[in-house]
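K.L.:
Sharing target28.pdb (PDB, C-alpha atoms and all ligand atoms) below.
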```pdb
ATOM      1  CA  MET A   1     -67.619  62.168  16.620
ATOM      2  CA  THR A   2     -68.096  58.934  14.708
ATOM      3  CA  GLN A   3     -64.328  58.454  14.644
ATOM      4  CA  LEU A   4     -64.420  57.628  18.322
ATOM      5  CA  MET A   5     -66.498  54.589  17.472
ATOM      6  CA  ALA A   6     -64.016  53.020  15.041
ATOM      7  CA  LYS A   7     -63.050  49.565  16.312
ATOM      8  CA  PRO A   8     -59.570  48.763  17.543
ATOM      9  CA  VAL A   9     -57.647  46.702  14.953
ATOM     10  CA  ALA A  10     -57.737  43.537  17.102
ATOM     11  CA  LYS A  11     -61.546  43.663  17.373
ATOM     12  CA  ALA A  12     -61.976  44.101  13.616
ATOM     13  CA  VAL A  13     -59.607  41.167  12.978
ATOM     14  CA  GLU A  14     -61.502  39.029  15.487
ATOM     15  CA  PHE A  15     -64.767  39.838  13.663
ATOM     16  CA  LEU A  16     -63.251  38.810  10.316
ATOM     17  CA  ARG A  17     -61.722  35.611  11.718
ATOM     18  CA  GLN A  18     -65.157  34.591  12.912
ATOM     19  CA  LEU A  19     -66.583  35.305   9.494
ATOM     20  CA  SER A  20     -63.816  33.338   7.772
ATOM     21  CA  PRO A  21     -61.339  31.112   9.602
ATOM     22  CA  GLU A  22     -59.375  30.924   6.334
ATOM     23  CA  VAL A  23     -57.070  33.916   5.740
ATOM     24  CA  PRO A  24     -57.619  35.350   2.226
ATOM     25  CA  SER A  25     -54.721  35.051  -0.225
ATOM     26  CA  CYS A  26     -55.084  38.731  -1.073
ATOM     27  CA  ALA A  27     -57.086  41.856  -0.382
ATOM     28  CA  VAL A  28     -58.109  44.377  -3.038
ATOM     29  CA  VAL A  29     -59.047  47.939  -2.056
ATOM     30  CA  LEU A  30     -61.172  49.746  -4.631
ATOM     31  CA  GLY A  31     -61.051  53.511  -5.164
ATOM     32  CA  SER A  32     -63.741  55.817  -6.551
ATOM     33  CA  GLY A  33     -65.395  54.531  -9.701
ATOM     34  CA  VAL A  34     -63.168  51.439  -9.803
ATOM     35  CA  ASN A  35     -65.363  48.409 -10.134
ATOM     36  CA  VAL A  36     -63.724  45.002 -10.347
ATOM     37  CA  LEU A  37     -64.070  41.478  -8.941
ATOM     38  CA  GLU A  38     -67.831  41.462  -8.823
ATOM     39  CA  ASN A  39     -69.564  38.076  -8.700
ATOM     40  CA  LEU A  40     -67.004  36.181  -6.668
ATOM     41  CA  THR A  41     -67.792  32.515  -6.047
ATOM     42  CA  ASP A  42     -69.247  31.625  -2.619
ATOM     43  CA  SER A  43     -69.240  35.290  -1.702
ATOM     44  CA  GLN A  44     -70.470  36.960   1.447
ATOM     45  CA  SER A  45     -70.508  40.712   2.097
ATOM     46  CA  VAL A  46     -70.483  42.784   5.249
ATOM     47  CA  GLY A  47     -70.788  46.536   5.693
ATOM     48  CA  TYR A  48     -67.816  48.588   6.922
ATOM     49  CA  GLN A  49     -69.930  49.611   9.904
ATOM     50  CA  ASP A  50     -69.917  45.994  11.106
ATOM     51  CA  VAL A  51     -66.265  45.331  10.298
ATOM     52  CA  PHE A  52     -64.660  48.613  11.335
ATOM     53  CA  GLY A  53     -67.355  50.232  13.483
ATOM     54  CA  ILE A  54     -67.498  53.131  11.020
ATOM     55  CA  ALA A  55     -68.602  53.670   7.393
ATOM     56  CA  PRO A  56     -67.198  56.083   4.806
ATOM     57  CA  GLY A  57     -69.215  59.113   3.766
ATOM     58  CA  VAL A  58     -68.070  59.717   0.181
ATOM     59  CA  VAL A  59     -70.656  59.175  -2.533
ATOM     60  CA  GLY A  60     -69.624  56.294  -4.783
ATOM     61  CA  HIS A  61     -67.861  54.417  -1.997
ATOM     62  CA  ALA A  62     -70.175  51.675  -0.857
ATOM     63  CA  GLY A  63     -68.219  50.747   2.237
ATOM     64  CA  SER A  64     -68.504  46.988   2.057
ATOM     65  CA  LEU A  65     -66.128  44.078   2.383
ATOM     66  CA  SER A  66     -66.764  40.984   0.276
ATOM     67  CA  LEU A  67     -65.121  37.632   0.788
ATOM     68  CA  GLY A  68     -65.262  35.181  -2.064
ATOM     69  CA  ARG A  69     -63.257  33.016  -4.401
ATOM     70  CA  VAL A  70     -61.523  33.541  -7.734
ATOM     71  CA  ASP A  71     -60.732  30.118  -9.132
ATOM     72  CA  GLY A  72     -60.525  28.669  -5.626
ATOM     73  CA  ARG A  73     -58.430  31.495  -4.116
ATOM     74  CA  LEU A  74     -60.108  33.317  -1.263
ATOM     75  CA  VAL A  75     -59.985  37.088  -1.757
ATOM     76  CA  ALA A  76     -61.225  40.053   0.261
ATOM     77  CA  VAL A  77     -62.558  42.967  -1.786
ATOM     78  CA  LEU A  78     -62.914  46.260   0.073
ATOM     79  CA  ARG A  79     -65.152  48.766  -1.683
ATOM     80  CA  GLY A  80     -64.475  52.245  -0.378
ATOM     81  CA  ARG A  81     -61.927  53.943   1.857
ATOM     82  CA  PHE A  82     -61.597  56.700   4.420
ATOM     83  CA  HIS A  83     -59.805  59.841   3.188
ATOM     84  CA  LEU A  84     -57.870  62.451   5.095
ATOM     85  CA  TYR A  85     -59.784  65.167   3.226
ATOM     86  CA  GLU A  86     -62.990  63.967   4.847
ATOM     87  CA  GLY A  87     -61.470  64.908   8.181
ATOM     88  CA  TYR A  88     -60.748  61.362   9.372
ATOM     89  CA  GLU A  89     -57.796  60.829  11.665
ATOM     90  CA  TRP A  90     -54.759  58.974  10.355
ATOM     91  CA  GLU A  91     -55.835  56.007  12.531
ATOM     92  CA  VAL A  92     -59.110  55.701  10.614
ATOM     93  CA  VAL A  93     -57.537  56.301   7.197
ATOM     94  CA  THR A  94     -55.099  53.431   7.819
ATOM     95  CA  LEU A  95     -57.497  51.143   9.726
ATOM     96  CA  ALA A  96     -58.313  48.790   6.840
ATOM     97  CA  ALA A  97     -54.620  48.385   5.922
ATOM     98  CA  ARG A  98     -53.688  47.649   9.535
ATOM     99  CA  VAL A  99     -56.493  45.082   9.789
ATOM    100  CA  ILE A 100     -55.362  43.443   6.526
ATOM    101  CA  ALA A 101     -51.776  43.185   7.803
ATOM    102  CA  GLN A 102     -52.786  41.909  11.214
ATOM    103  CA  TRP A 103     -55.158  39.309   9.791
ATOM    104  CA  GLY A 104     -52.078  38.029   7.963
ATOM    105  CA  ILE A 105     -53.209  38.629   4.364
ATOM    106  CA  PRO A 106     -49.958  38.296   2.412
ATOM    107  CA  ASN A 107     -50.842  40.375  -0.674
ATOM    108  CA  LEU A 108     -52.594  43.725  -0.934
ATOM    109  CA  TYR A 109     -53.690  45.277  -4.227
ATOM    110  CA  LEU A 110     -54.597  48.948  -3.906
ATOM    111  CA  THR A 111     -56.442  50.909  -6.580
ATOM    112  CA  ASN A 112     -57.345  54.560  -7.058
ATOM    113  CA  ALA A 113     -58.615  57.013  -9.647
ATOM    114  CA  ALA A 114     -55.919  59.505 -10.534
ATOM    115  CA  GLY A 115     -55.126  62.406 -12.810
ATOM    116  CA  GLY A 116     -52.347  61.798 -15.321
ATOM    117  CA  LEU A 117     -49.435  64.254 -15.396
ATOM    118  CA  ASN A 118     -47.192  62.261 -17.705
ATOM    119  CA  GLN A 119     -48.084  63.544 -21.169
ATOM    120  CA  SER A 120     -47.677  60.126 -22.745
ATOM    121  CA  PHE A 121     -50.603  58.821 -20.654
ATOM    122  CA  LYS A 122     -54.090  58.451 -22.089
ATOM    123  CA  VAL A 123     -57.434  58.540 -20.330
ATOM    124  CA  GLY A 124     -58.260  54.984 -19.268
ATOM    125  CA  ASP A 125     -54.629  53.897 -18.856
ATOM    126  CA  LEU A 126     -53.682  51.763 -15.864
ATOM    127  CA  MET A 127     -50.509  52.844 -14.058
ATOM    128  CA  LEU A 128     -48.585  50.557 -11.741
ATOM    129  CA  LEU A 129     -46.974  52.595  -8.978
ATOM    130  CA  THR A 130     -43.200  52.229  -8.945
ATOM    131  CA  GLY A 131     -42.874  55.012  -6.388
ATOM    132  CA  TYR A 132     -44.845  57.632  -4.537
ATOM    133  CA  ARG A 133     -44.640  61.057  -2.933
ATOM    134  CA  ASP A 134     -46.451  61.897   0.244
ATOM    135  CA  LEU A 135     -47.736  65.468  -0.012
ATOM    136  CA  LEU A 136     -50.746  64.837   2.203
ATOM    137  CA  ASN A 137     -49.719  66.871   5.158
ATOM    138  CA  PRO A 138     -51.825  70.048   4.970
ATOM    139  CA  GLU A 139     -49.354  72.047   7.060
ATOM    140  CA  LEU A 140     -46.581  71.213   4.639
ATOM    141  CA  LYS A 141     -48.876  72.041   1.750
ATOM    142  CA  ASP A 142     -49.712  75.456   3.199
ATOM    143  CA  SER A 143     -46.160  76.240   4.220
ATOM    144  CA  GLY A 144     -44.877  77.067   0.751
ATOM    145  CA  LEU A 145     -42.076  74.590   1.316
ATOM    146  CA  LEU A 146     -43.197  72.038  -1.241
ATOM    147  CA  PRO A 147     -41.452  73.504  -4.298
ATOM    148  CA  GLY A 148     -38.192  73.074  -2.385
ATOM    149  CA  ILE A 149     -38.662  69.361  -1.846
ATOM    150  CA  LYS A 150     -35.550  67.451  -2.787
ATOM    151  CA  GLY A 151     -34.801  63.809  -3.165
ATOM    152  CA  ASP A 152     -36.346  60.924  -4.956
ATOM    153  CA  PRO A 153     -39.836  59.504  -4.571
ATOM    154  CA  THR A 154     -40.225  56.560  -2.190
ATOM    155  CA  PRO A 155     -39.819  53.389  -4.264
ATOM    156  CA  CYS A 156     -42.657  50.890  -4.396
ATOM    157  CA  ILE A 157     -41.186  47.819  -6.068
ATOM    158  CA  ASN A 158     -41.453  44.304  -4.692
ATOM    159  CA  GLU A 159     -42.317  40.773  -5.672
ATOM    160  CA  LEU A 160     -46.034  41.643  -6.018
ATOM    161  CA  THR A 161     -45.452  44.654  -8.295
ATOM    162  CA  ASP A 162     -43.141  42.481 -10.434
ATOM    163  CA  HIS A 163     -45.864  39.841 -10.617
ATOM    164  CA  LEU A 164     -48.507  42.357 -11.770
ATOM    165  CA  SER A 165     -46.120  43.747 -14.328
ATOM    166  CA  LYS A 166     -45.399  40.307 -15.801
ATOM    167  CA  VAL A 167     -49.084  39.320 -15.868
ATOM    168  CA  ALA A 168     -49.959  42.605 -17.627
ATOM    169  CA  GLU A 169     -47.244  42.041 -20.203
ATOM    170  CA  LYS A 170     -48.613  38.582 -20.950
ATOM    171  CA  LEU A 171     -52.177  39.916 -21.305
ATOM    172  CA  HIS A 172     -50.925  42.677 -23.596
ATOM    173  CA  THR A 173     -49.164  40.166 -25.832
ATOM    174  CA  GLU A 174     -52.039  37.707 -25.936
ATOM    175  CA  ASN A 175     -55.063  40.023 -26.115
ATOM    176  CA  VAL A 176     -55.871  42.501 -28.838
ATOM    177  CA  GLY A 177     -56.773  45.800 -27.185
ATOM    178  CA  PHE A 178     -55.179  45.100 -23.800
ATOM    179  CA  ARG A 179     -53.092  48.229 -23.438
ATOM    180  CA  ASN A 180     -49.593  48.278 -22.020
ATOM    181  CA  LEU A 181     -49.471  48.834 -18.272
ATOM    182  CA  GLN A 182     -48.025  52.280 -17.590
ATOM    183  CA  LYS A 183     -45.579  52.662 -14.739
ATOM    184  CA  GLY A 184     -44.785  55.707 -12.686
ATOM    185  CA  VAL A 185     -44.738  57.816  -9.566
ATOM    186  CA  TYR A 186     -47.982  58.714  -7.785
ATOM    187  CA  SER A 187     -48.213  61.833  -5.677
ATOM    188  CA  ALA A 188     -50.904  62.059  -3.031
ATOM    189  CA  LEU A 189     -52.245  65.503  -2.194
ATOM    190  CA  LEU A 190     -54.797  66.193   0.495
ATOM    191  CA  GLY A 191     -57.584  67.458  -1.812
ATOM    192  CA  PRO A 192     -60.554  67.406  -1.860
ATOM    193  CA  SER A 193     -60.413  69.797  -4.801
ATOM    194  CA  TYR A 194     -58.317  68.978  -7.829
ATOM    195  CA  GLU A 195     -54.928  70.602  -8.265
ATOM    196  CA  THR A 196     -54.318  74.200  -9.249
ATOM    197  CA  LEU A 197     -52.218  74.804 -12.356
ATOM    198  CA  SER A 198     -49.238  75.805 -10.213
ATOM    199  CA  GLU A 199     -49.562  72.623  -8.165
ATOM    200  CA  ILE A 200     -49.563  70.674 -11.409
ATOM    201  CA  GLU A 201     -46.361  72.409 -12.484
ATOM    202  CA  MET A 202     -44.846  71.643  -9.068
ATOM    203  CA  LEU A 203     -45.875  67.982  -9.274
ATOM    204  CA  LYS A 204     -44.288  67.636 -12.696
ATOM    205  CA  LYS A 205     -41.054  69.101 -11.307
ATOM    206  CA  LEU A 206     -41.258  66.471  -8.572
ATOM    207  CA  LYS A 207     -41.275  63.846 -11.334
ATOM    208  CA  SER A 208     -44.839  62.734 -10.628
ATOM    209  CA  ASP A 209     -46.656  60.804 -13.326
ATOM    210  CA  ALA A 210     -50.056  60.810 -11.629
ATOM    211  CA  VAL A 211     -51.859  62.612  -8.827
ATOM    212  CA  GLY A 212     -54.583  61.568  -6.408
ATOM    213  CA  MET A 213     -55.679  61.796  -2.793
ATOM    214  CA  SER A 214     -55.245  58.321  -1.341
ATOM    215  CA  THR A 215     -53.234  55.067  -1.361
ATOM    216  CA  VAL A 216     -50.010  56.486   0.138
ATOM    217  CA  PRO A 217     -51.219  56.030   3.753
ATOM    218  CA  GLU A 218     -51.978  52.352   3.044
ATOM    219  CA  LEU A 219     -48.597  51.798   1.359
ATOM    220  CA  GLN A 220     -46.861  53.400   4.323
ATOM    221  CA  THR A 221     -48.920  51.321   6.758
ATOM    222  CA  VAL A 222     -48.017  47.918   5.342
ATOM    223  CA  ALA A 223     -44.361  48.763   4.649
ATOM    224  CA  GLY A 224     -42.415  46.856   7.254
ATOM    225  CA  THR A 225     -45.173  44.259   7.793
ATOM    226  CA  LYS A 226     -45.378  40.856   6.140
ATOM    227  CA  THR A 227     -48.069  42.154   3.770
ATOM    228  CA  LYS A 228     -46.725  43.070   0.332
ATOM    229  CA  ALA A 229     -48.547  45.838  -1.522
ATOM    230  CA  ALA A 230     -48.898  46.832  -5.161
ATOM    231  CA  ALA A 231     -50.967  49.807  -6.300
ATOM    232  CA  ILE A 232     -52.612  50.673  -9.597
ATOM    233  CA  SER A 233     -53.990  54.046 -10.652
ATOM    234  CA  VAL A 234     -56.821  54.265 -13.145
ATOM    235  CA  ILE A 235     -55.994  57.415 -15.119
ATOM    236  CA  THR A 236     -59.374  59.140 -15.449
ATOM    237  CA  ASN A 237     -58.086  62.443 -16.819
ATOM    238  CA  VAL A 238     -54.813  63.778 -18.167
ATOM    239  CA  TRP A 239     -53.641  67.265 -17.205
ATOM    240  CA  SER A 240     -52.404  69.090 -20.251
ATOM    241  CA  PRO A 241     -51.172  72.688 -20.553
ATOM    242  CA  ASP A 242     -53.312  73.476 -23.586
ATOM    243  CA  GLU A 243     -56.466  71.477 -23.108
ATOM    244  CA  VAL A 244     -59.255  71.696 -20.565
ATOM    245  CA  MET A 245     -59.958  68.565 -18.593
ATOM    246  CA  GLY A 246     -62.542  66.174 -19.974
ATOM    247  CA  GLY A 247     -66.117  66.302 -18.714
ATOM    248  CA  HIS A 248     -67.457  64.180 -15.883
ATOM    249  CA  GLU A 249     -69.248  61.827 -18.268
ATOM    250  CA  GLU A 250     -66.028  61.209 -20.125
ATOM    251  CA  VAL A 251     -64.175  60.468 -16.881
ATOM    252  CA  LEU A 252     -66.843  58.013 -15.702
ATOM    253  CA  GLU A 253     -66.918  56.261 -19.056
ATOM    254  CA  ALA A 254     -63.113  55.974 -19.027
ATOM    255  CA  ALA A 255     -63.153  54.522 -15.509
ATOM    256  CA  LYS A 256     -65.801  51.994 -16.527
ATOM    257  CA  GLU A 257     -63.885  50.826 -19.578
ATOM    258  CA  ALA A 258     -60.612  50.712 -17.639
ATOM    259  CA  SER A 259     -62.259  48.702 -14.847
ATOM    260  CA  ALA A 260     -62.957  45.914 -17.339
ATOM    261  CA  ARG A 261     -59.228  45.690 -18.156
ATOM    262  CA  LEU A 262     -58.285  45.965 -14.495
ATOM    263  CA  ASP A 263     -60.685  43.133 -13.683
ATOM    264  CA  LYS A 264     -58.927  40.923 -16.239
ATOM    265  CA  LEU A 265     -55.538  41.884 -14.825
ATOM    266  CA  PHE A 266     -56.478  41.158 -11.203
ATOM    267  CA  ARG A 267     -58.158  37.844 -11.985
ATOM    268  CA  ALA A 268     -55.113  36.695 -13.965
ATOM    269  CA  ALA A 269     -52.749  37.923 -11.227
ATOM    270  CA  ILE A 270     -54.726  36.245  -8.434
ATOM    271  CA  ILE A 271     -54.965  32.845 -10.065
ATOM    272  CA  SER A 272     -51.305  32.731 -11.056
ATOM    273  CA  HIS A 273     -49.834  33.764  -7.704
TER
HETATM  274  N1  LIG B   1     -56.421  64.906  -9.254
HETATM  275  C1  LIG B   1     -56.639  64.350  -8.059
HETATM  276  N2  LIG B   1     -57.389  63.280  -7.880
HETATM  277  C2  LIG B   1     -57.961  62.731  -8.970
HETATM  278  C3  LIG B   1     -57.774  63.268 -10.246
HETATM  279  C4  LIG B   1     -56.963  64.429 -10.393
HETATM  280  O1  LIG B   1     -56.762  64.962 -11.498
HETATM  281  N3  LIG B   1     -58.464  62.490 -11.121
HETATM  282  C5  LIG B   1     -59.052  61.508 -10.390
HETATM  283  N4  LIG B   1     -58.744  61.649  -9.088
END
```
Will you turn the file into structure tokens for me?
P.N.:
Amino acid sequence: MTQLMAKPVAKAVEFLRQLSPEVPSCAVVLGSGVNVLENLTDSQSVGYQDVFGIAPGVVGHAGSLSLGRVDGRLVAVLRGRFHLYEGYEWEVVTLAARVIAQWGIPNLYLTNAAGGLNQSFKVGDLMLLTGYRDLLNPELKDSGLLPGIKGDPTPCINELTDHLSKVAEKLHTENVGFRNLQKGVYSALLGPSYETLSEIEMLKKLKSDAVGMSTVPELQTVAGTKTKAAAISVITNVWSPDEVMGGHEEVLEAAKEASARLDKLFRAAIISH
């Protein structure tokens, strides 16, 4: 029912323009447990209800938009998103990305928590998406057709992903303990439950390095607009054939520690772009 109350894109953009006549230089969308860019200078925050006419229901997603500055650059930080697995329509799931594009924000950084499939990944790694697979469609998922999927993942490489990659390399060289940025293909499944072992095998065959339940709709939404997007997965667990997944505490701790590195990466990327 609440979906009917989501604002049209133009109304949400009008609301934001009134809040800030200056268009932010970038927007950052934060996934579950990802906590970066707190304490912006001159910041103001509004709830998603006021911006979009609707607020997300997932625990851990605050549903707020903050506008503030990082070394003079105006940035919009969106904490929380709407997922397909919550039953939201595609229109709602992509609303924030459409508003970002229509407001004219040139750069969009997307983040998510994801499970690692690439066995060289470690818990707490950051993975820059170089491509993605869209396995969100529940009908396709139930059809048994997925193992037959052919073709390559959709590439996700542009000037913004190159920029993040270069900034990360510099941080890695200059800072002890700043791990190399991993790169790979992200597959989005509908969820909400984690993958079965056979799905994991399937995803590996599809050359996926990480798996999650978001981000792909936003990437698809801004493709073809003037907004460039780069996405980073925080690897909170690594699927391994001979090891049970780490406990919840371990995952949360990993996300917290990784957020500190991601914060460094975003701040450096924002001020040098
Ligand atoms: N699978 C799907 N989504 C996730 C995972 C996972 O293993 N870890 C964090 N989000």
K.L.:
Just the number, please: distance in Å from atom CA of A:Thr227 to atom CA of A:Leu110, one decimal.
P.N.:
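Taking atom CA of A:Thr227 and atom CA of A:Leu110, their separation equals 12.2 Å.
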K.L.:
Report as a list in words which protein, DNA and RNA residues come within 9 Å of ligand LIG 1 (chain B), using only C-alpha atoms and all ligand atoms.
P.N.:
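What falls inside 9 Å of ligand LIG 1 (chain B) is Ser32, Asn112, Ala113, Ala114, Gly115, Gly116, Leu117, Ala188, Leu189, Leu190, Gly191, Pro192, Ser193, Tyr194, Glu195, Ala210, Val211, Gly212, Met213, Ser214, Val234, Ile235, Thr236, Asn237, Val238, Trp239, Met245 and Val251 of chain A.
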K.L.:
For the file shown, report as number ranges by chain the outcome of the PyMOL selection byres (((chain A and resi 266) around 10) and not hetatm) at residue level.
P.N.:
A: 28, 36-37, 70, 109, 164, 167-168, 261-265, 267-272
K.L.:
Determine, counting only C-alpha atoms, which protein, DNA and RNA residues have an atom within 10 Å of an atom of A:Arg133; residues of the same chain fewer than 6 positions away are not included. Present the result as an NGL selection string.
P.N.:
:A and (152-155 or 185-189 or 203 or 206-208 or 211 or 216)
K.L.:
Report, in Å to a single decimal, how far apart atom CA of A:Leu108 and atom CA of A:Ile54 are.
P.N.:
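For atom CA of A:Ile54 relative to atom CA of A:Leu108, the distance reads 21.3 Å.
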K.L.:
Point out the residue among A:Lys170, A:Lys183, A:Arg73, A:Arg98 with the least atom-to-atom distance to A:Thr221, counting only C-alpha atoms.
P.N.:
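Checking each candidate against A:Thr221, we get A:Arg98 as the closest.
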K.L.:
Taking only C-alpha atoms into account, name the residue in A:Pro241, A:Pro24, A:Gly53, A:Gly131 that is nearest to A:Asn107.
P.N.:
A:Pro24
K.L.:
So what do you get for atom CA of A:Val77 versus atom CA of A:Val99, distance-wise?
P.N.:
13.2 Å
K.L.:
Evaluate the PyMOL selection byres (((chain A and resi 125) around 9) and not hetatm) on the structure here and hand back the selected residues as a list in words.
P.N.:
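Here the PyMOL selection byres (((chain A and resi 125) around 9) and not hetatm) matches Gly116, Phe121, Lys122, Val123, Gly124, Leu126, Met127, Arg179, Asn180, Leu181, Gln182, Ser233, Val234, Ile235, Thr236, Ala254 and Ala258 of chain A.
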K.L.:
Could you check which of A:Trp103, A:Tyr132, A:Tyr85, A:Phe52 is closest to A:Arg17, using only C-alpha atoms?
P.N.:
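The closest residue to A:Arg17 is A:Trp103.
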K.L.:
Which residue is closest to A:Glu159? Choose from A:Pro217, A:Thr111, A:Thr130, A:Glu249 and count all atoms listed in the file.
P.N.:
A:Thr130
K.L.:
From the options A:Gly31, A:Gly87, A:Gly104, A:Pro8, which residue's atoms come nearest to A:Ser259, counting only C-alpha atoms?
P.N.:
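Selected residue with least distance to A:Ser259: A:Gly31.
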